[in-house]
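Asker: Before I ask anything, here is the structure I am working with.
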Amino acid sequence: MNKEIHLQDLGTRDYKETWDYQEALFKEIVDVKLEKRANPGLVTPNFFLFVEHPHVYTLGKSGDISNLLLTESQLQAKGATFYKINRGGDITYHGPGQIVGYPILDLENFFTDIHKYLRFLEEVIILTLAEYQITGTRSEGETGVWLDVGTPFARKICAMGVRASRWVTMHGFALNVNANLGYFDNIIPCGIKGKAVTSLHVELGREVDEQEVKSKIRNHFTSLFEAEFFQTTDLPQN
């Protein structure tokens with residue numbers, strides 16, 4: 001099992017461009033897995049991408065388009081784009097001030113349990129928030145990380161949606177750090193009516209150092225997954 005993970009921070013990157021990049025890395029892992037049938041000594045790689053997207057709305061494969069409350073012309077007026085994608089979950093928003101993480105892992109290097117994988121991703125964010133004295137929790141039946149679950153003030157701070165095939169993952173999580181929450185008014189987030197969203201800077205009453213947050217996420221991710229990150233500039237691709 002290979003628990004080394006190639007880490008790359010893409011900075012600000014177009015959603016479709018990043019999606020294509022994920023697909024290429026996903027294919028690389030799957031190709032190695034297929035080749036391993038004839039050559040068991042091969043090792044599958046793992047990748048992790050940090051990125052921040054320009055304003056974009058994405059709809060998961062089981063999502064309802066009616067949860068997008070904008071027309072095409074209104075999207076253009078707001079400088080936003082829209083994509084239907086192949087992850088689980090409904091509709092969500094990505095934009096500046098939001099840390100997006102895409103783990104592209106061969107789970108056979110870690111554990112073959114998608115439920116456990118999602119709970120680990122949630123725990124990474126919960127532990128990161130705890131370092132800012134913010135209590136993040138899970139909401140039963142709703143993937144992601146929330147604050148004040150079970151109260152009239154419940155609000156979501158981190159959305160999650162993943163795809164897995166042949167135990168290889170893609171897509172991931174989006175943590176609101178310094179996000180403009182006004183963009184969430186244009187959707188029914190994750191298809192859940194009557195639930196608010198929030199951002200770390202709103203909860204703390206100050207702007208938050210995003211590089212610091214990424215560092216905390218890295219630390220908790222490597223600890224939970226018993227992995228090691230290697231920072232790279234150019235990721236290996238076939």
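A note on labels: chains of the structure tokens are A, B, ... as shown, every chain counts residues from 1, and ligands are counted from 1 in their shown order.
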For segment 151-154 of chain A, list every protein, DNA or RNA residue within 7 Å, evaluated using only C-alpha atoms, and leave out those in the same chain fewer than 5 positions away; present the list as number ranges by chain.
Answerer: A: 146, 195-196
Asker: With only C-alpha atoms as the counted atoms, please give the residues lying no more than 9 Å from Leu127 of chain A, apart from itself and same-chain residues fewer than 3 positions off, as a list in words.
Answerer: Glu122, Glu123, Val124, Ala130, Glu131, Thr135, Gly136, Lys216, Ile217 and His220 of chain A
Asker: In Å, rounded to a single decimal, give me how far atom CA of Arg119 of chain A is from atom CA of Val32 of chain A.
Answerer: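 Computed distance, atom CA of Val32 of chain A to atom CA of Arg119 of chain A, equals 26.9 Å.
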Asker: Segment 40-175 of chain A: which residues are strand (DSSP E or B) by DSSP, as a VMD selection string?
Answerer: chain A and resid 47 to 52 56 to 59 68 81 to 84 91 to 94 98 to 104 106 137 to 139 142 to 147 155 to 165 168 to 175
Asker: Store the residues picked out above in a file with C-alpha atoms, as a PDB file, in the first residue's frame.
Answerer:
ATOM      1  CA  PHE A  47      -2.955  13.061  -5.339  1.00  0.00           C
ATOM      2  CA  PHE A  48      -4.439  15.991  -3.421  1.00  0.00           C
ATOM      3  CA  LEU A  49      -5.288  19.337  -5.010  1.00  0.00           C
ATOM      4  CA  PHE A  50      -5.956  22.614  -3.225  1.00  0.00           C
ATOM      5  CA  VAL A  51      -7.703  25.200  -5.408  1.00  0.00           C
ATOM      6  CA  GLU A  52      -9.836  28.313  -5.321  1.00  0.00           C
ATOM      7  CA  VAL A  56     -19.251  28.803 -10.165  1.00  0.00           C
ATOM      8  CA  TYR A  57     -22.279  26.664  -9.372  1.00  0.00           C
ATOM      9  CA  THR A  58     -22.087  22.874  -9.779  1.00  0.00           C
ATOM     10  CA  LEU A  59     -24.911  20.342  -9.789  1.00  0.00           C
ATOM     11  CA  LEU A  68     -30.420  26.922  -9.145  1.00  0.00           C
ATOM     12  CA  THR A  81     -20.593  29.783 -14.510  1.00  0.00           C
ATOM     13  CA  PHE A  82     -22.608  26.577 -14.099  1.00  0.00           C
ATOM     14  CA  TYR A  83     -21.731  22.901 -14.628  1.00  0.00           C
ATOM     15  CA  LYS A  84     -23.496  19.580 -14.244  1.00  0.00           C
ATOM     16  CA  ILE A  91     -26.073  21.938  -6.041  1.00  0.00           C
ATOM     17  CA  THR A  92     -23.277  23.935  -4.458  1.00  0.00           C
ATOM     18  CA  TYR A  93     -21.290  27.112  -4.969  1.00  0.00           C
ATOM     19  CA  HIS A  94     -17.539  27.649  -5.260  1.00  0.00           C
ATOM     20  CA  GLN A  98     -13.334  29.244  -0.236  1.00  0.00           C
ATOM     21  CA  ILE A  99     -10.754  26.473   0.190  1.00  0.00           C
ATOM     22  CA  VAL A 100     -11.544  23.553  -2.085  1.00  0.00           C
ATOM     23  CA  GLY A 101      -9.759  20.235  -1.605  1.00  0.00           C
ATOM     24  CA  TYR A 102      -9.787  17.411  -4.150  1.00  0.00           C
ATOM     25  CA  PRO A 103      -8.273  14.158  -2.858  1.00  0.00           C
ATOM     26  CA  ILE A 104      -7.720  11.806  -5.794  1.00  0.00           C
ATOM     27  CA  ASP A 106      -6.669   4.933  -4.508  1.00  0.00           C
ATOM     28  CA  THR A 137     -20.580  18.752  13.762  1.00  0.00           C
ATOM     29  CA  ARG A 138     -22.290  16.328  11.426  1.00  0.00           C
ATOM     30  CA  SER A 139     -25.974  16.520  10.533  1.00  0.00           C
ATOM     31  CA  GLU A 142     -26.542  15.381   5.283  1.00  0.00           C
ATOM     32  CA  THR A 143     -22.906  15.020   4.246  1.00  0.00           C
ATOM     33  CA  GLY A 144     -20.681  17.949   5.207  1.00  0.00           C
ATOM     34  CA  VAL A 145     -19.869  19.967   8.319  1.00  0.00           C
ATOM     35  CA  TRP A 146     -22.367  22.146  10.170  1.00  0.00           C
ATOM     36  CA  LEU A 147     -22.576  24.479  13.142  1.00  0.00           C
ATOM     37  CA  ARG A 155     -25.730  26.544   9.257  1.00  0.00           C
ATOM     38  CA  LYS A 156     -23.380  24.748   6.908  1.00  0.00           C
ATOM     39  CA  ILE A 157     -19.725  25.749   6.726  1.00  0.00           C
ATOM     40  CA  CYS A 158     -18.309  22.967   4.550  1.00  0.00           C
ATOM     41  CA  ALA A 159     -19.941  21.140   1.629  1.00  0.00           C
ATOM     42  CA  MET A 160     -18.784  17.737   0.378  1.00  0.00           C
ATOM     43  CA  GLY A 161     -19.445  15.620  -2.671  1.00  0.00           C
ATOM     44  CA  VAL A 162     -17.334  12.795  -4.051  1.00  0.00           C
ATOM     45  CA  ARG A 163     -17.197  10.306  -6.874  1.00  0.00           C
ATOM     46  CA  ALA A 164     -15.552   6.907  -6.519  1.00  0.00           C
ATOM     47  CA  SER A 165     -14.953   4.181  -9.093  1.00  0.00           C
ATOM     48  CA  VAL A 168     -10.466   5.714  -6.769  1.00  0.00           C
ATOM     49  CA  THR A 169     -11.886   9.027  -5.537  1.00  0.00           C
ATOM     50  CA  MET A 170     -12.293  12.500  -7.005  1.00  0.00           C
ATOM     51  CA  HIS A 171     -14.046  15.776  -6.123  1.00  0.00           C
ATOM     52  CA  GLY A 172     -14.039  16.484  -2.363  1.00  0.00           C
ATOM     53  CA  PHE A 173     -14.823  19.354   0.016  1.00  0.00           C
ATOM     54  CA  ALA A 174     -15.347  23.119  -0.054  1.00  0.00           C
ATOM     55  CA  LEU A 175     -14.716  25.013   3.201  1.00  0.00           C
TER      56      LEU A 175
END
Asker: With only C-alpha atoms as the basis for distance, which of A:Leu10, A:Asn186, A:Ala24, A:Gly97 is at the shortest distance from Ser66 of chain A?
Answerer: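 Of A:Leu10, A:Asn186, A:Ala24, A:Gly97, the one nearest Ser66 of chain A, counting only C-alpha atoms, is A:Asn186.
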Asker: Measuring between only C-alpha atoms, which one of A:Glu228, A:Tyr183, A:Lys36, A:Val30 shows the shortest distance to Gln74 of chain A?
Answerer: A:Tyr183
Asker: DSSP on the backbone, helix (DSSP H, G or I) only: what residues of segment 28-132 of chain A does that give? Format it as a ChimeraX atom specification.
Answerer: /A:28-36,65-67,72-77,107-109,114-130
Asker: Tell me, in Å to one decimal, how far atom CA of Leu105 of chain A is from atom CA of Leu200 of chain A.
Answerer: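 Result for atom CA of Leu105 of chain A versus atom CA of Leu200 of chain A: 27.2 Å, one decimal.
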Asker: Mind giving me the straight-line distance from atom CA of Tyr21 of chain A to atom CA of Gly95 of chain A in Å, one decimal?
Answerer: 18.2 Å
Asker: Compare A:Gly182, A:Thr128, A:Asp20, A:Asn109 by their minimum atom-to-atom distance to Lys78 of chain A, counting only C-alpha atoms, and give me the closest one.
Answerer: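 For Lys78 of chain A, the nearest of the candidates is A:Gly182.
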Asker: Give the answer as one residue: which of A:Leu118, A:His53, A:Pro45, A:Lys3 has the shortest atom-to-atom distance to Trp19 of chain A, using only C-alpha atoms?
Answerer: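 Among the listed residues, the smallest separation from Trp19 of chain A belongs to A:His53.
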